[in-house]
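> This is protein.txt, which holds compact mmCIF, C-alpha atoms:
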# COMPACT_ATOMS: atom_id res chain seq x y z
CA MET A 622 -9.79 3.60 7.67
CA LYS A 623 -9.08 6.33 5.16
CA GLU A 624 -8.62 3.82 2.37
CA LYS A 625 -11.83 2.06 3.36
CA LEU A 626 -13.63 5.40 3.19
CA VAL A 627 -12.18 6.09 -0.26
CA THR A 628 -13.35 2.70 -1.44
CA ALA A 629 -16.80 3.05 0.11
CA ILE A 630 -17.42 6.37 -1.61
CA ALA A 631 -15.97 5.24 -4.92
CA ASP A 632 -18.03 2.05 -4.84
CA MET A 633 -21.22 4.02 -4.07
CA ASN A 634 -21.69 2.45 -0.63
CA GLU A 635 -23.39 5.42 0.98
CA GLU A 636 -24.26 3.95 4.34
CA GLU A 637 -20.82 2.45 4.81
CA ALA A 638 -19.18 5.73 3.75
CA MET A 639 -21.19 7.79 6.23
CA ASN A 640 -20.51 5.31 9.03
CA LEU A 641 -16.79 5.32 8.30
CA ALA A 642 -16.64 9.11 8.16
CA ARG A 643 -18.46 9.38 11.50
CA ALA A 644 -16.23 6.73 13.03
CA MET A 645 -13.09 8.53 11.88
CA LEU A 646 -14.26 11.84 13.25
CA ASP A 647 -15.45 10.31 16.54
CA ALA A 648 -12.04 8.65 16.91
CA GLY A 649 -10.44 12.07 16.68
CA ASP A 650 -8.95 11.69 13.22
CA ASP A 651 -7.93 14.89 11.49
CA PRO A 652 -11.01 16.13 9.63
CA GLN A 653 -8.78 17.08 6.72
CA VAL A 654 -7.94 13.38 6.28
CA VAL A 655 -11.65 12.71 5.82
CA LEU A 656 -11.88 15.47 3.23
CA ASP A 657 -8.80 14.16 1.47
CA ALA A 658 -10.44 10.74 1.28
CA CYS A 659 -13.42 12.35 -0.40
CA THR A 660 -11.17 14.04 -2.93
CA GLU A 661 -9.39 10.79 -3.73
CA ALA A 662 -12.69 9.00 -4.10
CA MET A 663 -14.02 11.64 -6.50
CA LEU A 664 -10.96 11.15 -8.69
CA ILE A 665 -11.78 7.46 -8.88
CA VAL A 666 -15.44 8.20 -9.61
CA GLY A 667 -14.41 10.60 -12.36
CA ALA A 668 -12.08 8.02 -13.89
CA ARG A 669 -14.81 5.40 -13.85
CA TYR A 670 -17.20 7.88 -15.48
CA ASP A 671 -14.67 8.53 -18.24
CA ALA A 672 -14.27 4.78 -18.70
CA LYS A 673 -18.07 4.52 -19.05
CA GLU A 674 -18.27 2.31 -16.00
CA TYR A 675 -20.20 5.00 -14.19
CA PHE A 676 -22.82 7.36 -15.53
CA LEU A 677 -24.56 10.49 -14.38
CA PRO A 678 -26.44 8.86 -11.48
CA GLU A 679 -23.13 7.78 -9.93
CA LEU A 680 -21.72 11.29 -10.23
CA ILE A 681 -24.74 12.68 -8.45
CA ILE A 682 -24.69 10.02 -5.73
CA ALA A 683 -20.98 10.56 -5.14
CA GLY A 684 -21.51 14.29 -4.99
CA ASP A 685 -24.29 13.88 -2.48
CA MET A 686 -22.03 11.72 -0.30
CA MET A 687 -19.34 14.37 -0.49
CA LYS A 688 -21.77 17.01 0.59
CA ARG A 689 -23.10 14.96 3.50
CA ILE A 690 -19.61 14.08 4.69
CA GLY A 691 -18.61 17.71 4.30
CA ASN A 692 -21.47 18.68 6.60
CA LEU A 693 -20.11 16.23 9.19
CA VAL A 694 -16.58 17.55 8.87
CA LYS A 695 -17.18 21.28 8.95
CA PRO A 696 -18.16 21.56 12.63
CA LYS A 697 -15.07 19.54 13.56
CA LEU A 698 -12.66 21.93 11.91
CA ARG A 699 -11.16 24.14 14.53
CA ALA A 700 -11.54 27.87 13.97
CA GLN A 701 -7.79 28.41 13.82
CA VAL A 702 -7.32 25.73 11.24
CA ALA A 703 -8.08 27.13 7.83
CA GLN A 704 -10.64 25.23 5.88
CA ALA A 705 -9.40 23.70 2.71
CA LYS A 706 -8.82 26.69 0.51
CA PRO A 707 -10.99 26.48 -2.59
CA LEU A 708 -9.05 25.43 -5.64
CA GLY A 709 -10.58 28.34 -7.48
CA THR A 710 -13.64 30.44 -8.05
CA ILE A 711 -16.05 29.86 -10.88
CA VAL A 712 -18.92 31.92 -12.23
CA ILE A 713 -21.36 29.77 -14.18
CA GLY A 714 -24.70 30.29 -15.85
CA THR A 715 -26.91 29.43 -18.77
CA VAL A 716 -26.64 32.22 -21.31
CA ALA A 717 -29.38 34.66 -22.17
CA GLY A 718 -32.28 33.23 -24.13
CA ASP A 719 -31.75 29.70 -22.88
CA ILE A 720 -33.48 28.25 -19.84
CA HIS A 721 -32.09 24.73 -19.70
CA ASP A 722 -30.75 24.20 -16.22
CA ILE A 723 -30.30 20.60 -15.16
CA GLY A 724 -26.98 20.01 -16.91
CA LYS A 725 -25.58 23.27 -15.57
CA ASP A 726 -26.83 22.39 -12.08
CA VAL A 727 -25.02 19.05 -12.15
CA VAL A 728 -21.81 20.77 -13.26
CA SER A 729 -22.16 23.43 -10.54
CA PHE A 730 -22.72 20.76 -7.96
CA MET A 731 -19.77 18.66 -9.09
CA LEU A 732 -17.49 21.68 -9.10
CA SER A 733 -18.58 22.67 -5.60
CA VAL A 734 -18.01 19.20 -4.14
CA ASN A 735 -14.61 19.19 -5.82
CA ASN A 736 -13.63 22.20 -3.75
CA PHE A 737 -14.40 25.07 -6.07
CA GLN A 738 -16.24 28.19 -4.96
CA VAL A 739 -19.13 28.33 -7.39
CA TYR A 740 -21.33 31.31 -8.16
CA ASP A 741 -24.24 29.97 -10.17
CA LEU A 742 -26.13 32.78 -11.86
CA GLY A 743 -28.99 30.58 -12.99
CA VAL A 744 -30.54 30.60 -16.44
CA ASP A 745 -31.18 33.25 -19.08
CA VAL A 746 -28.19 35.23 -17.82
CA SER A 747 -27.30 38.33 -19.77
CA ALA A 748 -23.77 39.20 -20.78
CA VAL A 749 -24.04 42.24 -18.53
CA ALA A 750 -24.82 40.04 -15.53
CA PHE A 751 -21.85 37.80 -16.26
CA VAL A 752 -19.52 40.79 -16.48
CA ALA A 753 -20.87 42.27 -13.24
CA LYS A 754 -20.35 39.04 -11.34
CA ILE A 755 -16.87 38.56 -12.76
CA ARG A 756 -15.94 42.04 -11.56
CA GLU A 757 -17.42 41.31 -8.14
CA VAL A 758 -15.94 37.90 -7.32
CA GLN A 759 -12.90 37.83 -9.64
CA PRO A 760 -13.14 34.18 -10.64
CA GLU A 761 -10.43 32.23 -12.34
CA ILE A 762 -12.97 30.48 -14.51
CA VAL A 763 -16.24 31.31 -16.24
CA GLY A 764 -18.61 28.57 -17.37
CA LEU A 765 -21.19 29.25 -20.07
CA SER A 766 -23.95 26.72 -20.51
CA GLY A 767 -26.37 26.45 -23.39
CA PHE A 768 -28.47 23.71 -24.91
CA LEU A 769 -29.66 25.28 -28.14
CA THR A 770 -27.53 25.95 -31.19
CA LEU A 771 -28.72 29.54 -30.88
CA ALA A 772 -26.84 29.67 -27.60
CA PHE A 773 -23.63 29.81 -29.62
CA ASP A 774 -24.24 33.40 -30.64
CA GLN A 775 -25.20 34.45 -27.14
CA MET A 776 -22.09 32.77 -25.78
CA LYS A 777 -20.05 34.68 -28.35
CA ARG A 778 -21.70 37.93 -27.24
CA THR A 779 -20.98 37.11 -23.63
CA VAL A 780 -17.31 36.40 -24.35
CA GLN A 781 -17.11 39.65 -26.32
CA ALA A 782 -18.65 41.55 -23.40
CA ILE A 783 -16.06 40.07 -21.06
CA GLN A 784 -13.38 41.13 -23.53
CA GLU A 785 -14.75 44.66 -23.83
CA ALA A 786 -14.84 44.95 -20.07
CA GLY A 787 -11.11 44.30 -20.01
CA LEU A 788 -11.58 41.04 -18.13
CA ARG A 789 -10.90 38.41 -20.77
CA ASP A 790 -7.26 37.85 -19.90
CA ARG A 791 -8.12 37.34 -16.23
CA VAL A 792 -10.40 34.35 -16.76
CA LYS A 793 -10.48 31.01 -18.47
CA ILE A 794 -13.79 30.36 -20.20
CA MET A 795 -15.34 26.96 -20.74
CA ILE A 796 -18.60 26.19 -22.51
CA GLY A 797 -20.89 23.23 -22.08
CA GLY A 798 -24.16 21.78 -23.31
CA ALA A 799 -25.46 18.86 -25.30
CA ILE A 800 -24.27 20.14 -28.66
CA MET A 801 -21.06 21.87 -27.66
CA ASP A 802 -17.77 20.78 -29.12
CA ALA A 803 -14.32 22.11 -29.93
CA SER A 804 -15.50 24.00 -32.99
CA ALA A 805 -18.21 25.68 -30.94
CA ALA A 806 -15.61 26.71 -28.36
CA GLN A 807 -13.52 28.22 -31.12
CA TYR A 808 -16.51 30.02 -32.64
CA VAL A 809 -17.58 31.64 -29.39
CA GLY A 810 -14.04 32.52 -28.33
CA ALA A 811 -13.93 30.23 -25.30
CA ASP A 812 -10.81 28.45 -24.12
CA ALA A 813 -12.34 24.99 -24.07
CA TYR A 814 -15.53 23.01 -23.85
CA GLY A 815 -16.53 20.49 -21.22
CA ALA A 816 -18.10 17.42 -22.74
CA SER A 817 -19.48 16.30 -19.39
CA ALA A 818 -19.66 17.30 -15.74
CA SER A 819 -16.62 15.15 -15.07
CA ALA A 820 -14.72 16.81 -17.92
CA ALA A 821 -15.66 20.25 -16.62
CA VAL A 822 -14.22 19.41 -13.20
CA LYS A 823 -10.99 18.10 -14.74
CA LEU A 824 -10.68 21.21 -16.88
CA ALA A 825 -11.20 23.45 -13.88
CA GLN A 826 -8.63 21.49 -11.89
CA PHE A 827 -6.16 21.70 -14.74
CA TRP A 828 -6.61 25.43 -15.11
CA THR A 829 -6.19 26.11 -11.41
CA GLY A 830 -3.38 23.63 -10.90
CA GLY A 831 -5.56 21.62 -8.56
CA MET B 164 -55.57 21.85 -37.10
CA HIS B 165 -55.78 18.54 -35.25
CA ILE B 166 -55.41 18.38 -31.50
CA GLN B 167 -55.11 15.15 -29.57
CA ARG B 168 -54.44 14.48 -25.90
CA ASP B 169 -55.15 10.78 -25.41
CA TRP B 170 -51.60 9.59 -26.04
CA HIS B 171 -50.38 6.51 -24.25
CA ILE B 172 -47.32 7.24 -22.12
CA GLU B 173 -45.58 4.27 -20.61
CA PHE B 174 -42.77 4.48 -18.07
CA ASP B 175 -41.35 1.02 -17.98
CA GLU B 176 -38.46 0.52 -15.58
CA GLU B 177 -36.82 -2.19 -17.66
CA GLN B 178 -36.84 0.04 -20.74
CA TYR B 179 -35.46 2.93 -18.73
CA VAL B 180 -32.64 0.77 -17.37
CA VAL B 181 -31.77 -0.21 -20.95
CA GLN B 182 -31.60 3.46 -21.89
CA ALA B 183 -29.64 4.60 -18.88
CA GLY B 184 -26.88 2.07 -19.07
CA GLY B 185 -25.95 -1.11 -17.26
CA THR B 186 -25.06 0.35 -13.87
CA LEU B 187 -28.53 1.67 -13.13
CA SER B 188 -29.99 -1.77 -12.48
CA ARG B 189 -27.31 -2.22 -9.83
CA LEU B 190 -27.96 1.21 -8.36
CA LEU B 191 -31.69 0.60 -8.19
CA ALA B 192 -31.02 -2.21 -5.74
CA ARG B 193 -30.02 0.48 -3.24
CA PRO B 194 -32.92 1.69 -1.10
CA SER B 195 -32.13 5.41 -1.43
CA VAL B 196 -31.78 5.25 -5.22
CA ARG B 197 -34.89 3.08 -5.47
CA ALA B 198 -36.79 5.64 -3.39
CA ASP B 199 -35.70 8.50 -5.67
CA TRP B 200 -36.56 6.52 -8.78
CA GLU B 201 -40.02 5.57 -7.52
CA ALA B 202 -40.69 9.12 -6.41
CA ALA B 203 -39.71 10.37 -9.87
CA LEU B 204 -41.94 7.74 -11.49
CA ALA B 205 -44.84 8.81 -9.31
CA ASP B 206 -44.20 12.45 -10.17
CA ALA B 207 -44.00 11.71 -13.87
CA ARG B 208 -47.22 9.69 -13.88
CA GLU B 209 -48.97 12.39 -11.86
CA LEU B 210 -47.75 15.35 -13.84
CA VAL B 211 -47.46 14.26 -17.45
CA ARG B 212 -50.04 15.93 -19.71
CA PRO B 213 -49.39 14.68 -23.25
CA ALA B 214 -50.77 16.67 -26.12
CA ALA B 215 -50.04 17.19 -29.79
CA ALA B 216 -51.27 19.61 -32.42
CA TRP B 217 -50.61 19.22 -36.12
CA ASP B 218 -51.72 20.40 -39.51
CA ALA B 219 -50.91 19.73 -43.15
CA PHE B 220 -50.00 22.31 -45.79
CA PRO B 221 -49.78 21.80 -49.56
CA ILE B 222 -46.27 22.28 -50.92
CA GLN B 223 -46.13 24.55 -53.93
CA GLU B 224 -42.49 24.18 -54.92
CA LEU B 225 -38.94 23.69 -53.78
CA ARG B 226 -36.90 26.82 -54.25
CA HIS B 227 -33.26 27.21 -53.20
CA GLU B 228 -33.52 24.24 -50.81
CA ARG B 229 -36.55 25.71 -49.09
CA LEU B 230 -40.09 24.44 -49.40
CA VAL B 231 -42.56 27.08 -50.52
CA LEU B 232 -45.98 26.22 -49.17
CA ALA B 233 -49.20 27.12 -50.94
CA ASN B 234 -49.89 29.80 -48.35
CA GLY B 235 -46.57 31.48 -49.15
CA ALA B 236 -44.67 30.34 -46.08
CA LYS B 237 -41.13 29.10 -46.63
CA ILE B 238 -39.45 26.45 -44.54
CA GLY B 239 -36.32 24.41 -44.98
CA GLY B 240 -32.60 24.38 -44.81
CA GLY B 241 -30.37 21.57 -43.64
CA PRO B 242 -31.62 18.14 -44.68
CA VAL B 243 -35.30 19.15 -44.94
CA ALA B 244 -35.50 19.14 -48.74
CA SER B 245 -33.82 15.75 -49.03
CA VAL B 246 -35.84 14.17 -46.21
CA VAL B 247 -39.23 15.14 -47.70
CA ALA B 248 -38.22 15.11 -51.38
CA GLY B 249 -41.23 14.25 -53.50
CA ALA B 250 -43.80 15.26 -50.90
CA THR B 251 -46.89 17.16 -51.97
CA ASP B 252 -47.92 18.12 -48.45
CA LEU B 253 -45.99 19.07 -45.36
CA VAL B 254 -47.26 18.06 -41.94
CA VAL B 255 -46.09 20.31 -39.14
CA GLY B 256 -46.67 19.41 -35.52
CA VAL B 257 -45.93 20.32 -31.92
CA CYS B 258 -45.86 17.80 -29.07
CA THR B 259 -45.70 18.48 -25.35
CA VAL B 260 -46.15 16.86 -21.97
CA GLY B 261 -46.97 20.13 -20.21
CA GLY B 262 -45.10 22.33 -17.77
CA ALA B 263 -45.71 20.67 -14.43
CA ILE B 264 -42.82 18.22 -14.80
CA SER B 265 -40.30 21.02 -15.42
CA GLN B 266 -41.67 22.95 -12.48
CA ARG B 267 -41.26 19.94 -10.20
CA ILE B 268 -37.68 19.45 -11.47
CA SER B 269 -36.80 23.04 -10.62
CA GLU B 270 -38.27 22.61 -7.13
CA GLN B 271 -36.27 19.43 -6.62
CA LEU B 272 -33.03 21.05 -7.75
CA ARG B 273 -33.61 23.90 -5.32
CA GLY B 274 -34.23 21.29 -2.64
CA GLU B 275 -31.01 19.47 -3.63
CA GLN B 276 -32.93 16.37 -4.66
CA ARG B 277 -30.66 16.02 -7.65
CA LEU B 278 -31.00 12.35 -8.41
CA ARG B 279 -34.77 12.55 -8.24
CA ALA B 280 -34.67 15.61 -10.50
CA MET B 281 -32.40 13.80 -12.95
CA PHE B 282 -34.73 10.82 -13.10
CA LEU B 283 -37.76 13.06 -13.58
CA ASP B 284 -36.00 15.08 -16.28
CA ASP B 285 -35.21 11.86 -18.14
CA LEU B 286 -38.79 10.63 -17.79
CA GLY B 287 -40.16 13.94 -19.05
CA SER B 288 -37.94 13.86 -22.13
CA TRP B 289 -38.84 10.24 -22.73
CA ALA B 290 -42.53 11.06 -22.46
CA VAL B 291 -42.46 13.82 -25.05
CA ASP B 292 -40.51 11.53 -27.37
CA GLN B 293 -43.22 8.90 -26.94
CA VAL B 294 -45.83 11.47 -28.02
CA ARG B 295 -43.67 12.25 -31.04
CA GLN B 296 -43.27 8.59 -32.02
CA GLN B 297 -46.99 7.93 -31.73
CA LEU B 298 -47.90 11.06 -33.68
CA CYS B 299 -45.52 10.13 -36.49
CA ARG B 300 -46.87 6.57 -36.67
CA GLN B 301 -50.42 7.92 -36.70
CA VAL B 302 -49.71 10.39 -39.49
CA GLU B 303 -47.93 7.69 -41.44
CA GLY B 304 -50.76 5.23 -40.87
CA ASP B 305 -53.29 7.78 -42.04
CA ALA B 306 -51.23 8.48 -45.16
CA VAL B 307 -50.87 4.78 -45.97
CA SER B 308 -54.63 4.24 -45.54
CA ARG B 309 -55.13 6.85 -48.24
CA GLY B 310 -52.62 5.16 -50.54
CA LEU B 311 -49.93 7.76 -49.82
CA HIS B 312 -46.38 7.72 -48.53
CA ALA B 313 -44.94 9.47 -45.48
CA SER B 314 -41.38 10.63 -44.98
CA ALA B 315 -39.26 10.42 -41.88
CA SER B 316 -39.81 13.24 -39.41
CA LEU B 317 -37.36 15.98 -38.61
CA SER B 318 -37.21 18.61 -35.88
CA PRO B 319 -35.56 22.04 -35.97
CA GLY B 320 -32.22 21.81 -34.24
CA GLU B 321 -31.64 18.24 -35.40
CA SER B 322 -28.86 17.60 -37.86
CA GLU B 323 -28.00 20.81 -39.66
CA TRP B 324 -31.54 22.17 -39.58
CA SER B 325 -31.53 25.51 -37.80
CA VAL B 326 -33.56 25.70 -34.62
CA ALA B 327 -34.62 29.15 -35.84
CA GLU B 328 -36.98 27.39 -38.25
CA GLN B 329 -39.21 26.68 -35.26
CA ALA B 330 -40.49 30.20 -35.80
CA VAL B 331 -41.94 29.11 -39.14
CA ILE B 332 -43.65 26.08 -37.60
CA PHE B 333 -45.18 28.25 -34.89
CA SER B 334 -46.36 30.75 -37.49
CA LEU B 335 -48.18 28.00 -39.36
CA MET B 336 -50.16 26.74 -36.39
CA ASP B 337 -51.31 28.08 -33.06
CA ALA B 338 -49.68 25.75 -30.56
CA ARG B 339 -51.14 27.78 -27.72
CA GLU B 340 -54.13 25.49 -28.19
CA ILE B 341 -52.04 22.83 -26.42
CA GLY B 342 -50.32 25.33 -24.14
CA VAL B 343 -47.04 25.66 -26.03
CA THR B 344 -45.42 28.95 -26.96
CA LEU B 345 -42.12 29.90 -28.54
CA THR B 346 -39.83 32.53 -27.04
CA GLU B 347 -37.78 34.95 -29.11
CA SER B 348 -34.74 32.80 -28.45
CA MET B 349 -36.52 29.77 -29.95
CA VAL B 350 -37.08 28.00 -26.67
CA MET B 351 -40.41 26.23 -26.48
CA TRP B 352 -42.32 26.65 -23.28
CA PRO B 353 -43.12 24.26 -21.59
CA ILE B 354 -39.59 23.04 -22.10
CA LYS B 355 -40.66 19.40 -22.48
CA SER B 356 -42.02 20.08 -25.94
CA LEU B 357 -40.84 19.57 -29.48
CA SER B 358 -41.84 20.51 -32.99
CA LEU B 359 -41.51 18.45 -36.15
CA ILE B 360 -42.28 18.15 -39.84
CA MET B 361 -43.09 15.20 -42.09
CA GLY B 362 -43.71 14.96 -45.80
CA ILE B 363 -46.74 13.24 -47.37
CA GLY B 364 -46.94 12.33 -51.03
CA PRO B 365 -48.26 9.92 -53.65
CA GLY B 366 -44.94 8.18 -54.31
CA PRO B 367 -41.81 7.17 -52.47
CA LEU B 368 -40.35 10.16 -50.61
CA GLY B 369 -36.81 11.31 -49.95
CA VAL B 370 -36.27 9.34 -46.78
CA GLU B 371 -38.82 6.80 -45.65
CA GLY B 372 -38.70 4.42 -42.77
CA ALA B 373 -36.02 6.39 -40.99
CA SER B 374 -36.35 8.04 -37.64
CA ASN B 375 -35.19 11.49 -36.70
CA CYS B 376 -32.26 9.76 -34.93
CA ASP B 377 -30.79 9.02 -38.33
CA PHE B 378 -30.23 12.76 -38.90
CA CYS B 379 -29.06 13.65 -35.44
CA THR B 380 -25.50 14.86 -34.99
CA ILE B 381 -25.25 13.75 -31.36
CA ARG B 382 -26.68 10.26 -31.72
CA GLU B 383 -23.44 8.66 -30.57
CA ARG B 384 -23.89 10.33 -27.19
CA CYS B 385 -27.62 9.83 -26.95
CA ASN B 386 -29.24 7.36 -24.63
CA TYR B 387 -32.73 7.59 -26.08
CA GLN B 388 -32.06 5.84 -29.35
CA ARG B 389 -31.59 2.64 -27.39
CA LEU B 390 -35.20 2.93 -26.32
CA ARG B 391 -36.69 3.26 -29.79
CA PRO B 392 -36.88 -0.42 -30.90
CA SER B 393 -38.63 -1.40 -27.71
CA LEU B 394 -41.41 1.17 -27.92
CA GLN B 395 -44.76 -0.40 -28.56
CA PRO B 396 -47.19 0.98 -31.20
CA ALA B 397 -49.86 3.31 -29.86
CA ALA B 398 -53.32 1.85 -29.37
CA ARG B 399 -55.71 4.72 -29.87
CA SER B 400 -59.21 3.89 -28.81
Output the file's structure as structure tokens, nothing else.


Amino acid sequence: MKEKLVTAIADMNEEEAMNLARAMLDAGDDPQVVLDACTEAMLIVGARYDAKEYFLPELIIAGDMMKRIGNLVKPKLRAQVAQAKPLGTIVIGTVAGDIHDIGKDVVSFMLSVNNFQVYDLGVDVSAVAFVAKIREVQPEIVGLSGFLTLAFDQMKRTVQAIQEAGLRDRVKIMIGGAIMDASAAQYVGADAYGASASAAVKLAQFWTGG
Amino acid sequence: MHIQRDWHIEFDEEQYVVQAGGTLSRLLARPSVRADWEAALADARELVRPAAAWDAFPIQELRHERLVLANGAKIGGGPVASVVAGATDLVVGVCTVGGAISQRISEQLRGEQRLRAMFLDDLGSWAVDQVRQQLCRQVEGDAVSRGLHASASLSPGESEWSVAEQAVIFSLMDAREIGVTLTESMVMWPIKSLSLIMGIGPGPLGVEGASNCDFCTIRERCNYQRLRPSLQPAARS
């Protein structure tokens, strides 16, 4: 049944996926097996997105399925069994002066359904706010989002603030947004750029060994 | 300054499917996706408030790749000088579809209605582009009727033209008349807005017959250029 669940999620068959997940849990299957099926399916979805077989709607639908299945699984996990440890912690936000949010929201969502602990600071986030949150939650990764070319300079200021706070060597920094590319990442002092939500997830998984 | 609000906005599903890519037509066969799409369509039709404001300014000279207007304002950089080369007047404009769409998107994201929000975001962007296309065709048509030529249009942030030049556009005209303002960080509010320039002149201009897509550095990744050939001319009553 696990393989059927993987296929149902990957093929965007929501109703079938939910029915299979419920059936597996009702039959007493290990809830972790259900979660593992979700993870496998998301890898397939990501690969299909990279191959331009799937697009943003499929990523969102798959993410929604993951979330709904996760809500089914959580009550079944016994207290003494640790929940799947997050692969890592990420602080993400749209930098100060920019208020574009939908792309960042999709990335946040995809990271969370791929088992990352995400702290989304919202939009128009100052460098000071980024530094404060990094100190508080000690993430492995920081994500800076921006849509305007003027976001480059604010991203650079944010990276500099993280550096000045003595935190730069504790985090990996990725940038994202419609006009971001490798040269932008170099300019702002980030470690990499994510060309898409799927790419951001892969980068995060690579950096955390997930 | 001209202000116009009676722009025709059309949300055609077939055109949207073309823009979004082949899988969407398959996804729309699913009841839940269909429901989100139709809800987004209903929202877009309910909330869209198209408006445009524009004005024309005589060009005095080109100096160091920047246009010097007769009123002393300077604007340019990037491909501006080459796009409008030969123009005697510069049209500057701002287009918007209002703030209600963006507000609804934010509400939907908070309510985890992501697919609906994504559809609505796409429709909002498409709508403001439709206002832009119609405005440009209208300005061009007006120029041609007077025996003049019109250049392609260009927006700050496209190609190598700095988005900071939006400040010049907003200094030349009061876009608050259509409810659009510019923040210090060059974000237009409402967010579903854009600004543009076009050149008008007596002879052939730098770039004619092109669209702003031709100058865009991210056109390979853009879905909207697939929509352009299928857009119908505006029919202003």

> Which neighbours of segment 640-651 of chain A fall inside 8 Å, counting only C-alpha atoms, when residues of the same chain fewer than 6 positions from it are skipped, and could you give them as a list in words?

Met622, Lys625, Leu626, Ile690, Leu693, Val694 and Lys697 of chain A

> Of the candidates A:Ile723, A:Val666, A:Val749, A:Ile796, which shows the shortest atom-to-atom distance to Ile268 of chain B, using only C-alpha atoms?

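Nearest candidate to Ile268 of chain B out of A:Ile723, A:Val666, A:Val749, A:Ile796: A:Ile723.
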
> Determine which residues of chain B sit within 9 Å of chain A, taking into account only C-alpha atoms, and present them as a PyMOL selection string.

chain B and resi 183-187+190+193+196+268-269+272+275+277-278+280-282+284+320+325-327+346-350+354+380-381+384

> Report, in Å to a single decimal, how far apart atom CA of Ile363 of chain B and atom CA of Gln167 of chain B are.

19.8 Å

> Report, in Å to a single decimal, how far apart atom CA of Arg309 of chain B and atom CA of Arg295 of chain B are.

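Here the two named atoms are 21.4 Å from each other.
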
> Have a look at atom CA of Gln301 of chain B and atom CA of Val343 of chain B and let me know their distance in Å, one decimal.

21.0 Å

> Could you tell me which of B:Asp285, B:Asp305, B:Asp218, B:Asp252 comes closest to Trp200 of chain B if we count only C-alpha atoms?

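Checking each candidate against Trp200 of chain B, we get B:Asp285 as the closest.
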
> Have a look at A:Met776, A:Ala638, A:Ile783, A:Ala631 and name the one nearest to Ala753 of chain A; count only C-alpha atoms.

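Nearest candidate to Ala753 of chain A out of A:Met776, A:Ala638, A:Ile783, A:Ala631: A:Ile783.
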
> Tell me which of B:Gln297, B:Ser358, B:Ser322, B:Gln329 sits closest to Asp169 of chain B, counting only C-alpha atoms.

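Among the listed residues, B:Gln297 lies closest to Asp169 of chain B.
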
> Considering all atoms listed in the file, state which residue in the set A:Gln653, A:Gly714, A:Met795, A:Gln826 is at the smallest distance from Asp812 of chain A.

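Using all atoms listed in the file, Asp812 of chain A sits closest to A:Met795.
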